[in-house]
$ cat data_28.txt   # compact mmCIF, C-alpha atoms
# COMPACT_ATOMS: atom_id res chain seq x y z
CA MET A 882 -14.81 -12.08 -14.19
CA HIS A 883 -14.16 -9.61 -11.43
CA GLY A 884 -15.42 -6.12 -10.84
CA ARG A 885 -14.22 -2.79 -9.54
CA LYS A 886 -16.15 -0.34 -7.42
CA ASP A 887 -15.82 3.27 -6.40
CA GLY A 888 -16.63 4.56 -2.93
CA PHE A 889 -13.78 6.87 -1.90
CA LYS A 890 -11.86 9.34 -4.01
CA GLY A 891 -8.80 7.61 -5.42
CA GLU A 892 -10.05 4.17 -4.41
CA GLN A 893 -8.88 1.02 -6.14
CA SER A 894 -10.60 -2.30 -5.49
CA ILE A 895 -11.22 -5.65 -7.10
CA VAL A 896 -13.82 -8.23 -6.07
CA LEU A 897 -13.30 -11.62 -7.64
CA SER A 898 -16.43 -13.38 -8.84
CA PRO A 899 -17.58 -16.79 -7.48
CA VAL A 900 -16.51 -18.36 -10.77
CA VAL A 901 -12.94 -17.09 -10.40
CA ILE A 902 -12.80 -18.07 -6.73
CA GLU A 903 -13.94 -21.57 -7.65
CA LYS A 904 -11.09 -21.69 -10.16
CA GLU A 905 -8.65 -20.67 -7.41
CA GLU A 906 -9.96 -23.35 -5.05
CA GLY A 907 -9.52 -26.02 -7.70
CA ASP A 908 -5.96 -25.17 -8.71
CA GLU A 909 -3.23 -27.26 -7.06
CA LEU A 910 -0.95 -24.24 -6.60
CA VAL A 911 -3.40 -21.39 -6.01
CA SER A 912 -5.51 -23.31 -3.48
CA SER A 913 -2.71 -22.86 -0.94
CA LEU A 914 -3.38 -19.10 -0.65
CA PHE A 915 -5.48 -16.79 -2.77
CA VAL A 916 -7.19 -13.39 -2.94
CA THR A 917 -10.96 -13.04 -2.93
CA ASP A 918 -11.12 -9.22 -2.62
CA ILE A 919 -8.39 -6.58 -2.56
CA GLY A 920 -8.22 -2.81 -2.48
CA TYR A 921 -6.79 0.52 -1.44
CA TYR A 922 -8.83 3.30 0.22
CA PRO A 923 -7.04 6.68 0.51
CA ASN A 924 -8.33 9.17 3.08
CA ALA A 925 -11.44 7.07 3.64
CA THR A 926 -13.63 9.33 5.75
CA ASN A 927 -16.14 7.66 8.09
CA HIS A 928 -15.32 4.25 6.65
CA PHE A 929 -17.29 1.59 8.53
CA LYS A 930 -17.94 -2.10 8.02
CA GLU A 931 -19.92 -4.51 10.18
CA ARG A 932 -20.23 -8.22 9.49
CA LYS A 933 -22.68 -9.76 11.92
CA LYS A 934 -22.56 -12.94 9.89
CA ALA A 935 -19.07 -14.44 9.78
CA ILE A 936 -17.31 -14.83 6.40
CA ASP A 937 -14.95 -17.62 5.39
CA GLN A 938 -12.10 -15.22 4.57
CA TYR A 939 -9.26 -13.68 6.54
CA VAL A 940 -9.24 -9.88 6.35
CA LEU A 941 -5.97 -7.97 6.48
CA ILE A 942 -6.09 -4.22 7.01
CA TYR A 943 -2.85 -2.25 6.72
CA CYS A 944 -3.20 1.37 7.86
CA VAL A 945 -0.61 3.72 6.36
CA ASP A 946 -2.16 6.98 7.54
CA GLY A 947 -4.85 8.16 9.95
CA SER A 948 -6.32 5.81 12.52
CA GLY A 949 -9.17 3.42 13.12
CA TRP A 950 -10.57 0.70 15.32
CA TYR A 951 -12.01 -2.78 15.16
CA GLN A 952 -14.06 -5.05 17.36
CA LEU A 953 -13.49 -8.77 17.59
CA ARG A 954 -15.04 -11.19 20.12
CA ASP A 955 -16.44 -8.29 22.18
CA LYS A 956 -13.05 -6.61 22.46
CA THR A 957 -12.21 -3.29 20.81
CA TYR A 958 -8.75 -2.45 19.44
CA LYS A 959 -7.25 0.82 18.20
CA VAL A 960 -5.07 0.89 15.10
CA GLY A 961 -2.88 3.76 13.90
CA LYS A 962 -0.51 4.79 11.15
CA ASN A 963 1.89 2.04 10.01
CA GLU A 964 -0.01 -0.68 11.85
CA PHE A 965 -1.85 -3.74 10.57
CA PHE A 966 -4.02 -6.58 11.80
CA ILE A 967 -5.63 -9.72 10.38
CA LEU A 968 -9.20 -10.60 11.26
CA PRO A 969 -9.76 -14.36 11.52
CA ALA A 970 -12.10 -16.25 9.21
CA GLY A 971 -15.38 -17.46 10.66
CA VAL A 972 -15.71 -14.75 13.32
CA PRO A 973 -18.10 -11.74 13.14
CA HIS A 974 -16.33 -8.38 13.29
CA VAL A 975 -16.73 -4.62 13.00
CA TYR A 976 -14.15 -2.02 11.95
CA GLY A 977 -13.94 1.59 10.87
CA ALA A 978 -11.96 4.79 10.62
CA GLU A 979 -11.58 7.31 13.41
CA GLY A 980 -12.42 10.24 11.18
CA GLU A 981 -10.43 8.96 8.22
CA TRP A 982 -7.69 6.50 7.42
CA THR A 983 -5.73 5.31 4.41
CA ILE A 984 -5.66 1.53 4.16
CA TYR A 985 -4.51 -1.32 2.01
CA TRP A 986 -6.76 -4.33 2.53
CA VAL A 987 -7.08 -7.87 1.26
CA HIS A 988 -9.48 -10.74 1.88
CA PHE A 989 -7.78 -14.09 1.46
CA ARG A 990 -8.36 -17.80 1.86
CA GLY A 991 -6.56 -21.05 1.19
CA GLU A 992 -5.22 -24.20 2.77
CA HIS A 993 -2.29 -22.32 4.35
CA ALA A 994 -3.97 -18.98 5.03
CA SER A 995 -4.04 -19.62 8.79
CA VAL A 996 -0.23 -19.82 8.88
CA TYR A 997 0.07 -16.17 7.90
CA ALA A 998 -2.77 -15.01 10.16
CA GLU A 999 -1.63 -16.77 13.33
CA GLY A 1000 -0.97 -14.33 16.17
CA LEU A 1001 -1.81 -11.23 14.13
CA GLN A 1002 -5.32 -10.48 15.40
CA THR A 1003 -3.94 -7.62 17.52
CA PRO A 1004 -2.43 -4.45 15.99
CA HIS A 1005 1.20 -4.83 14.91
CA LYS A 1006 3.53 -1.89 14.24
CA ILE A 1007 5.61 -1.76 11.06
CA GLY A 1008 6.88 1.82 11.10
CA VAL A 1009 9.70 3.48 9.18
CA THR A 1010 13.20 2.37 10.17
CA VAL A 1011 16.54 2.40 8.37
CA ASN A 1012 15.71 -0.99 6.86
CA SER A 1013 11.91 -0.93 6.88
CA ARG A 1014 11.31 -1.61 3.14
CA ILE A 1015 7.77 -0.20 3.20
CA ARG A 1016 7.87 0.81 -0.46
CA ASP A 1017 8.92 -2.71 -1.43
CA ARG A 1018 5.89 -4.10 0.39
CA ILE A 1019 3.52 -1.62 -1.25
CA SER A 1020 4.97 -2.48 -4.65
CA ILE A 1021 4.12 -6.15 -4.10
CA PHE A 1022 0.55 -5.21 -3.17
CA GLU A 1023 0.21 -3.02 -6.26
CA GLU A 1024 1.51 -5.84 -8.43
CA ILE A 1025 -1.23 -8.13 -7.09
CA LEU A 1026 -3.84 -5.50 -7.97
CA HIS A 1027 -2.32 -4.93 -11.39
CA THR A 1028 -2.19 -8.66 -12.14
CA LEU A 1029 -5.80 -9.33 -11.16
CA TYR A 1030 -7.04 -6.24 -12.95
CA HIS A 1031 -5.63 -7.49 -16.23
CA GLY A 1032 -6.83 -11.07 -16.10
CA SER A 1033 -8.17 -14.06 -14.23
CA GLY A 1034 -6.61 -16.91 -16.16
CA VAL A 1035 -4.62 -19.66 -14.48
CA GLU A 1036 -1.29 -17.88 -14.95
CA GLU A 1037 -2.58 -14.59 -13.50
CA LEU A 1038 -4.13 -16.36 -10.53
CA ARG A 1039 -0.98 -18.37 -9.84
CA TYR A 1040 1.20 -15.29 -10.06
CA ALA A 1041 -1.15 -13.31 -7.79
CA SER A 1042 -1.10 -16.19 -5.30
CA SER A 1043 2.70 -16.24 -5.29
CA LEU A 1044 2.78 -12.48 -4.74
CA LEU A 1045 0.29 -12.80 -1.88
CA HIS A 1046 2.59 -15.31 -0.17
CA HIS A 1047 5.38 -12.75 -0.39
CA PHE A 1048 3.23 -9.81 0.71
CA LEU A 1049 1.93 -11.58 3.81
CA ALA A 1050 5.41 -12.91 4.58
CA THR A 1051 6.75 -9.33 4.76
CA MET A 1052 4.46 -8.87 7.76
CA ARG A 1053 4.40 -12.33 9.31
CA TYR A 1054 8.20 -12.55 9.20
CA LEU A 1055 8.94 -8.85 9.59
CA THR A 1056 12.38 -9.22 11.17
CA LEU A 1057 13.65 -11.53 8.43
CA TYR A 1058 12.18 -9.26 5.77
CA ARG A 1059 14.07 -6.29 7.18
CA GLN A 1060 17.31 -8.19 7.75
CA SER A 1061 17.63 -8.85 4.03
CA LEU A 1062 18.36 -5.14 3.49
CA PRO A 1063 21.65 -3.75 4.89
CA GLU A 1064 21.20 -0.83 7.27
CA GLN A 1065 22.12 2.64 6.01
CA THR A 1066 24.77 4.50 7.99
CA ASP A 1067 25.23 7.54 5.73
CA ILE A 1068 22.75 10.24 6.77
CA VAL A 1069 21.99 11.36 3.20
CA GLU A 1070 21.23 7.80 2.12
CA ALA A 1071 19.20 7.30 5.30
CA ALA A 1072 17.21 10.47 4.51
CA LYS A 1073 16.58 9.29 0.94
CA HIS A 1074 15.36 5.97 2.34
CA TYR A 1075 12.96 7.78 4.70
CA MET A 1076 11.58 9.78 1.78
CA HIS A 1077 11.09 6.66 -0.35
CA GLU A 1078 9.21 5.02 2.49
CA ASN A 1079 6.89 8.02 2.78
CA LEU A 1080 6.06 8.68 -0.87
CA GLU A 1081 2.34 8.40 -0.16
CA ASN A 1082 2.48 10.91 2.69
CA SER A 1083 3.31 14.55 3.23
CA ILE A 1084 6.49 15.05 5.24
CA GLU A 1085 8.18 18.07 6.76
CA LEU A 1086 11.85 18.90 6.91
CA GLU A 1087 11.82 18.54 10.70
CA ALA A 1088 10.61 14.94 10.45
CA VAL A 1089 13.42 13.91 8.09
CA ALA A 1090 16.04 15.72 10.17
CA LYS A 1091 14.79 14.05 13.33
CA TYR A 1092 14.96 10.65 11.65
CA VAL A 1093 18.67 11.07 10.84
CA GLY A 1094 19.46 12.79 14.15
CA TYR A 1095 20.44 16.26 12.87
CA SER A 1096 19.01 19.72 13.32
CA PRO A 1097 16.89 20.83 10.32
CA SER A 1098 19.33 23.59 9.34
CA HIS A 1099 22.45 21.43 9.55
CA PHE A 1100 20.75 18.53 7.78
CA SER A 1101 19.62 20.82 4.93
CA VAL A 1102 23.18 22.02 4.37
CA VAL A 1103 24.59 18.48 4.38
CA PHE A 1104 21.86 17.13 2.09
CA LYS A 1105 22.08 19.96 -0.46
CA LYS A 1106 25.86 19.72 -0.56
CA ALA A 1107 25.58 16.00 -1.37
CA THR A 1108 22.70 16.14 -3.84
CA GLY A 1109 22.61 19.68 -5.20
CA VAL A 1110 19.00 20.23 -4.13
CA SER A 1111 17.12 20.82 -0.90
CA PRO A 1112 15.55 17.86 0.93
CA LEU A 1113 11.98 18.90 0.08
CA ALA A 1114 12.84 19.54 -3.57
CA TYR A 1115 14.34 16.06 -3.71
CA PHE A 1116 11.20 14.63 -2.13
CA THR A 1117 9.01 16.41 -4.69
CA GLN A 1118 11.13 14.97 -7.50
CA LEU A 1119 10.72 11.48 -6.03
CA LYS A 1120 6.95 11.92 -6.02
CA ILE A 1121 6.93 13.06 -9.63
CA ASP A 1122 9.19 10.17 -10.65
CA TYR A 1123 6.78 7.77 -8.95
CA ALA A 1124 3.86 9.46 -10.71
CA CYS A 1125 5.63 8.95 -14.03
CA GLN A 1126 6.04 5.26 -13.27
CA LEU A 1127 2.35 4.92 -12.46
CA LEU A 1128 1.36 6.81 -15.59
CA ARG A 1129 3.53 4.53 -17.73
CA GLU A 1130 2.80 1.19 -16.12
CA THR A 1131 -0.73 1.31 -14.70
CA VAL A 1132 -4.24 2.23 -15.75
CA LEU A 1133 -4.81 4.41 -12.69
CA LYS A 1134 -6.61 7.65 -13.42
CA VAL A 1135 -4.72 10.89 -12.80
CA TYR A 1136 -6.80 11.69 -9.72
CA GLN A 1137 -6.08 8.22 -8.31
CA ILE A 1138 -2.35 8.79 -8.79
CA SER A 1139 -2.69 12.12 -7.03
CA TYR A 1140 -4.15 10.39 -3.98
CA LYS A 1141 -1.47 7.69 -4.16
CA LEU A 1142 1.08 10.46 -3.72
CA GLY A 1143 -0.69 11.91 -0.70
CA ILE A 1144 -1.88 14.92 -2.70
CA GLU A 1145 -5.61 15.40 -2.11
CA ASP A 1146 -6.01 18.13 -4.74
CA PRO A 1147 -5.67 16.57 -8.24
CA LEU A 1148 -5.52 20.02 -9.85
CA TYR A 1149 -2.56 20.95 -7.67
CA PHE A 1150 -0.91 17.65 -8.57
CA SER A 1151 -1.39 18.33 -12.29
CA ARG A 1152 0.11 21.81 -11.94
CA LEU A 1153 3.06 20.46 -9.96
CA PHE A 1154 3.63 17.68 -12.49
CA SER A 1155 3.50 20.14 -15.39
CA LYS A 1156 5.95 22.46 -13.66
CA VAL A 1157 8.48 19.66 -13.16
CA LYS A 1158 8.02 17.70 -16.41
CA GLY A 1159 6.97 20.48 -18.79
CA MET A 1160 3.74 18.69 -19.76
CA SER A 1161 0.51 17.54 -18.16
CA PRO A 1162 0.15 14.04 -16.64
CA SER A 1163 -2.27 13.10 -19.45
CA LYS A 1164 0.19 14.21 -22.12
CA TYR A 1165 3.01 12.31 -20.43
CA ARG A 1166 0.87 9.15 -20.37
CA GLU A 1167 -0.05 9.56 -24.02
CA MET A 1168 3.64 9.73 -24.95
CA ASN A 1169 4.95 7.03 -22.64
CA ASN A 1170 2.14 4.63 -21.69
CA LYS A 1171 3.23 0.96 -21.73
CA ILE A 1172 -0.30 -0.34 -21.15
CA ILE A 1173 -1.84 -1.62 -24.35
CA GLY A 1174 -5.58 -2.15 -24.79

$ encode --input "data_28.txt" --output "C-alpha cells"
Amino acid sequence: MHGRKDGFKGEQSIVLSPVVIEKEEGDELVSSLFVTDIGYYPNATNHFKERKKAIDQYVLIYCVDGSGWYQLRDKTYKVGKNEFFILPAGVPHVYGAEGEWTIYWVHFRGEHASVYAEGLQTPHKIGVTVNSRIRDRISIFEEILHTLYHGSGVEELRYASSLLHHFLATMRYLTLYRQSLPEQTDIVEAAKHYMHENLENSIELEAVAKYVGYSPSHFSVVFKKATGVSPLAYFTQLKIDYACQLLRETVLKVYQISYKLGIEDPLYFSRLFSKVKGMSPSKYREMNNKIIG
C-alpha cells in the first residue's frame, strides 16, 4: 500500500511502501523506471529538506512559481519559476524555498533512471513559449498521481512507469517535445495558448499583451472582437472549466482544486465557481463526478 500526507495547504503526495517498491523492482517492464514518491506542494512556505545521508533515488523538482535553492557537493544553486533540476542518487543534498515556492516533485529509480537525469543537476529553464506545452506536461504528472492513488497492482505500476518515461522525456528532450506542436502565428490563438499554460497562476492583461507583442488596449479590442469576451473573462472561464474537469475526474478536495488554480482563498474560489456555473463546486461534483468508490 501507499500513503498520503498533508503538510501544505492544497498539497498532494503519495509515498509508495517498501512492498510496492519491491514489486516495481521485480517487474520486467517497471524496473526500467519507476516512482518511489511523488507530490505537488502549492505555495509551500519555508519548505526545507536536508538529507545528510544519501538516498538511492533521483529527485526531480519542477518549480512553477516562486523560487528556491539547493546545495549539492558544496555548491549552492538558485532555482526560479519555470525551472527544474534533478538531484543525483547517492549524493547528500539540501534544498528549500526562498520564502515560498510551488513545486511538482518526484523521486524515481530504475535501470534507466540515469539516462533521464544526465546533465540536469543544474537549473534548466522551461518557460512559456508559443509551443511550450506546459499544460500537457502537468497533465502527464497528474495522471501519474491519479493512477498511483487508485491502485498499486501490476497494471497501475506499469502504466505509471510508462507515464514517468514520457514526463521525464518532456524535460530531457525539451526541444523535440516542443517541435511536435506547430507554432501559433495568430495572436488570439497565441494568447489562448499563454492562458492555458498559466492556468495555475494569476496573470495580468499586460503580461498576455506583452507575450503577443501588442499594447494592452489594442490586444483587448482584437481579442474581444474574436471571442466575444475580454481576455481576463476568457481566462476566468478557462480556470472554471479546468476546475470542472478536476471535480469530475479526480478525488481532489475543493480547497486543493482552488490551490491548483492559483487561488489561495477557497471561499473566493467557491463564490467565483458558483457565479459562473450557477451551483457550488460540491454540488457540481455530486451531479457530475465520474469517480466511483

$ residues_around --input "data_28.txt" --residues "stretch 998-1005 of chain A" --least-positions-apart "4" --cutoff "10 Å" --atoms "all atoms listed in the file" --output "list in words"
Tyr939, Val940, Leu941, Ile942, Tyr943, Trp950, Tyr951, Leu953, Thr957, Tyr958, Lys959, Val960, Gly961, Asn963, Glu964, Phe965, Phe966, Ile967, Leu968, Pro969, Ala970, His993, Ala994, Leu1049, Met1052 and Arg1053 of chain A

$ residues_around --input "data_28.txt" --residues "stretch 1099-1116 of chain A" --least-positions-apart "5" --cutoff "12 Å" --atoms "all atoms listed in the file" --output "ChimeraX atom specification"
/A:1067-1094,1121-1123,1142,1153,1157

$ closest_residue --input "data_28.txt" --among "A:Leu1045, A:Val975, A:Ala1050, A:Leu1029" --to "A:Gln952" --atoms "all atoms listed in the file"
A:Val975

$ closest_residue --input "data_28.txt" --among "A:Ala935, A:Gly1032, A:Ser1013, A:Leu1026" --to "A:Leu1057" --atoms "only C-alpha atoms"
A:Ser1013

$ residues_around --input "data_28.txt" --residues "A:Phe889" --least-positions-apart "2" --cutoff "12 Å" --atoms "all atoms listed in the file" --output "PyMOL selection string"
chain A and resi 886-887+891-894+920-928+981-984+1136-1137+1140+1145

$ atom_distance --input "data_28.txt" --atom1 "atom CA of A:Ser912" --atom2 "atom CA of A:Ala1041"
11.7 Å

$ atom_distance --input "data_28.txt" --atom1 "atom CA of A:Arg1018" --atom2 "atom CA of A:Thr1051"
6.9 Å

$ residues_around --input "data_28.txt" --residues "A:Ser1161" --least-positions-apart "2" --cutoff "12 Å" --atoms "all atoms listed in the file" --output "ChimeraX atom specification"
/A:1121,1124-1125,1128,1135,1147-1159,1163-1168

$ closest_residue --input "data_28.txt" --among "A:Pro1097, A:Gly907, A:Gly888, A:Pro1162" --to "A:Glu992" --atoms "all atoms listed in the file"
A:Gly907

$ atom_distance --input "data_28.txt" --atom1 "atom CA of A:Thr1131" --atom2 "atom CA of A:His1027"
7.2 Å

$ closest_residue --input "data_28.txt" --among "A:Gly991, A:Arg1059, A:Lys933, A:Leu1044" --to "A:Glu1023" --atoms "only C-alpha atoms"
A:Leu1044

$ closest_residue --input "data_28.txt" --among "A:Leu1038, A:Ile1138, A:Val987, A:Cys944" --to "A:Lys890" --atoms "all atoms listed in the file"
A:Ile1138

$ residues_around --input "data_28.txt" --residues "A:Gln938" --least-positions-apart "6" --cutoff "8 Å" --atoms "all atoms listed in the file" --output "PyMOL selection string"
chain A and resi 917+969-971+988-990
